[in-house]
$ cat my_file.txt   # compact mmCIF, C-alpha atoms and all ligand atoms
# COMPACT_ATOMS: atom_id res chain seq x y z
CA MET F 1 83.50 72.97 107.37
CA SER F 2 83.52 76.30 105.66
CA PRO F 3 86.44 77.25 103.44
CA GLY F 4 89.11 79.05 105.33
CA PHE F 5 88.15 77.54 108.68
CA THR F 6 91.67 76.41 109.40
CA ARG F 7 93.30 79.65 108.32
CA PRO F 8 95.02 81.60 111.05
CA ARG F 9 92.84 84.44 112.18
CA PRO F 10 94.18 87.75 110.85
CA ARG F 11 94.65 90.66 113.14
CA PRO F 12 91.59 92.87 113.27
CA ALA F 13 91.89 95.68 110.76
CA SER F 14 91.94 99.23 111.95
CA ALA F 15 89.18 101.55 110.79
CA THR F 16 91.63 103.09 108.35
CA GLN F 17 92.51 99.73 106.88
CA ARG F 18 88.88 98.69 106.63
CA GLY F 19 88.04 101.90 104.83
CA TRP F 20 90.90 101.43 102.46
CA ALA F 21 90.05 97.80 101.79
CA GLY F 22 86.43 98.66 101.24
CA LYS F 23 87.41 101.16 98.61
CA THR F 24 89.90 98.91 96.88
CA SER F 25 88.08 95.61 96.86
CA ARG F 26 84.75 96.78 95.47
CA SER F 27 83.35 98.33 92.34
CA PRO F 28 86.08 97.50 89.87
CA GLU F 29 84.14 99.43 87.26
CA SER F 30 85.04 102.67 89.02
CA ARG F 31 88.71 101.76 89.31
CA GLU F 32 90.05 104.43 87.00
CA ALA F 33 88.18 107.16 88.80
CA ARG F 34 89.28 106.00 92.22
CA PRO F 35 91.44 108.48 94.08
CA VAL F 36 95.02 107.38 94.38
CA GLY F 37 95.20 108.67 97.94
CA ARG F 38 98.00 111.12 97.38
CA ALA F 39 97.47 114.83 97.46
CA CYS F 40 99.47 116.33 94.62
CA LEU F 41 98.89 119.75 93.16
CA VAL F 42 100.22 118.80 89.75
CA GLU F 43 97.40 118.46 87.27
CA ALA F 44 97.01 114.95 85.82
CA CYS F 45 99.25 113.37 88.45
CA GLY F 46 97.77 109.95 89.15
CA THR F 47 95.46 109.90 86.14
CA ALA F 48 94.87 106.63 84.35
CA ALA F 49 97.18 106.22 81.40
CA ALA F 50 94.50 106.08 78.74
CA GLY F 51 96.13 108.70 76.56
CA PRO F 52 99.48 110.25 75.78
CA ARG F 53 101.81 111.67 78.40
CA PRO F 54 99.81 114.52 79.97
CA ALA F 55 102.82 116.64 80.78
CA PRO F 56 106.59 116.58 80.43
CA ARG F 57 108.40 114.85 83.28
CA MET F 58 105.46 112.57 83.94
CA VAL F 59 106.32 108.89 84.21
CA LEU F 60 104.12 105.92 83.49
CA VAL F 61 103.70 103.50 86.37
CA GLU F 62 102.37 100.15 85.32
CA LEU F 63 102.50 96.76 86.98
CA SER F 64 101.11 93.71 85.26
CA GLY F 65 98.89 91.65 87.52
CA SER F 66 97.93 94.66 89.61
CA ARG F 67 94.34 95.77 90.05
CA GLU F 68 95.73 99.28 89.80
CA PRO F 69 95.58 100.52 86.21
CA ALA F 70 98.60 102.14 84.61
CA ARG F 71 98.82 105.77 85.69
CA TRP F 72 100.87 108.85 85.00
CA TYR F 73 102.72 110.33 87.95
CA CYS F 74 105.15 113.16 88.54
CA LYS F 75 108.70 111.99 88.36
CA GLY F 76 110.10 111.31 91.81
CA ALA F 77 108.12 110.78 94.98
CA CYS F 78 104.76 110.51 93.23
CA ALA F 79 106.05 107.82 90.88
CA VAL F 80 107.53 105.89 93.80
CA TYR F 81 104.22 106.18 95.59
CA GLY F 82 102.38 104.99 92.50
CA GLN F 83 104.66 102.00 92.14
CA ALA F 84 104.05 101.04 95.76
CA LEU F 85 100.32 101.47 95.30
CA ALA F 86 100.37 99.21 92.24
CA GLU F 87 102.34 96.60 94.17
CA VAL F 88 99.94 96.69 97.10
CA ARG F 89 97.03 96.31 94.72
CA ALA F 90 98.71 93.29 93.15
CA LEU F 91 98.47 91.42 96.46
CA PRO F 92 95.67 88.89 96.76
CA VAL F 93 92.55 90.21 98.43
CA GLY F 94 91.16 88.17 101.33
CA GLY F 95 88.59 85.68 100.05
CA GLU F 96 89.92 85.55 96.51
CA ARG F 97 92.30 82.70 97.20
ZN ZN A 101 102.43 114.24 91.68
$ encode --input "my_file.txt" --output "structure tokens" --more "lines below"
Ligand SMILES: [Zn+2]
Amino acid sequence: MSPGFTRPRPRPASATQRGWAGKTSRSPESREARPVGRACLVEACGTAAAGPRPAPRMVLVELSGSREPARWYCKGACAVYGQALAEVRALPVGGER
């Protein structure tokens, strides 16, 4: 019996979800360059936190255990979005369990 045989069958993913999952579950080496999926006109919003604060009013969003690296975001909605993104990317990916 193959692993996972007795698991409940998940709902089929929509094309959007499959596209998203495909982008998030592969090529970890390109993680820092991966788009964060939020259109923001502020330069450096969503950039990986490899260096110092890129601009005033930017906040660092970091979640240990997340596949999402620490990133700088605009204070406010972008930071909230970034936190949610980090939390989603801390969830186990199908097949890793
Ligand atoms: Zn922003």
$ residues_near_ligand --input "my_file.txt" --ligand "ligand ZN 101 (chain A)" --cutoff "9 Å" --atoms "only C-alpha atoms and all ligand atoms" --output "mmCIF file with C-alpha atoms, keeping the file's coordinate frame"
data_model
loop_
_atom_site.group_PDB
_atom_site.id
_atom_site.type_symbol
_atom_site.label_atom_id
_atom_site.label_comp_id
_atom_site.auth_asym_id
_atom_site.auth_seq_id
_atom_site.Cartn_x
_atom_site.Cartn_y
_atom_site.Cartn_z
ATOM 1 C CA ARG F 38 98.000 111.120 97.380
ATOM 2 C CA ALA F 39 97.470 114.830 97.460
ATOM 3 C CA CYS F 40 99.470 116.330 94.620
ATOM 4 C CA LEU F 41 98.890 119.750 93.160
ATOM 5 C CA VAL F 42 100.220 118.800 89.750
ATOM 6 C CA GLU F 43 97.400 118.460 87.270
ATOM 7 C CA ALA F 44 97.010 114.950 85.820
ATOM 8 C CA CYS F 45 99.250 113.370 88.450
ATOM 9 C CA GLY F 46 97.770 109.950 89.150
ATOM 10 C CA MET F 58 105.460 112.570 83.940
ATOM 11 C CA TRP F 72 100.870 108.850 85.000
ATOM 12 C CA TYR F 73 102.720 110.330 87.950
ATOM 13 C CA CYS F 74 105.150 113.160 88.540
ATOM 14 C CA LYS F 75 108.700 111.990 88.360
ATOM 15 C CA GLY F 76 110.100 111.310 91.810
ATOM 16 C CA ALA F 77 108.120 110.780 94.980
ATOM 17 C CA CYS F 78 104.760 110.510 93.230
ATOM 18 C CA ALA F 79 106.050 107.820 90.880
#
$ residues_around --input "my_file.txt" --residues "Arg89 in chain F" --least-positions-apart "6" --cutoff "6 Å" --atoms "all atoms listed in the file" --output "JSON, numbers by chain"
{"F": [66, 67, 68]}
$ atom_distance --input "my_file.txt" --atom1 "CA of Ala13 in chain F" --atom2 "CA of Leu91 in chain F"
16.3 Å
$ closest_residue --input "my_file.txt" --among "F:Ala90, F:Leu85, F:Ala70, F:Val61" --to "Ala49 in chain F" --atoms "all atoms listed in the file"
F:Ala70
$ atom_distance --input "my_file.txt" --atom1 "CA of Gly51 in chain F" --atom2 "CA of Val93 in chain F"
28.9 Å
$ closest_residue --input "my_file.txt" --among "F:Pro92, F:Ala84, F:Ser14, F:Gly65" --to "Gly37 in chain F" --atoms "only C-alpha atoms"
F:Ala84
$ atom_distance --input "my_file.txt" --atom1 "CA of Leu60 in chain F" --atom2 "CA of Ala86 in chain F"
11.6 Å
$ closest_residue --input "my_file.txt" --among "F:Ala50, F:Ala15, F:Ala55, F:Leu63" --to "Gly82 in chain F" --atoms "all atoms listed in the file"
F:Leu63
$ closest_residue --input "my_file.txt" --among "F:Gln83, F:Val59, F:Ala48, F:Val88" --to "Arg71 in chain F" --atoms "all atoms listed in the file"
F:Ala48
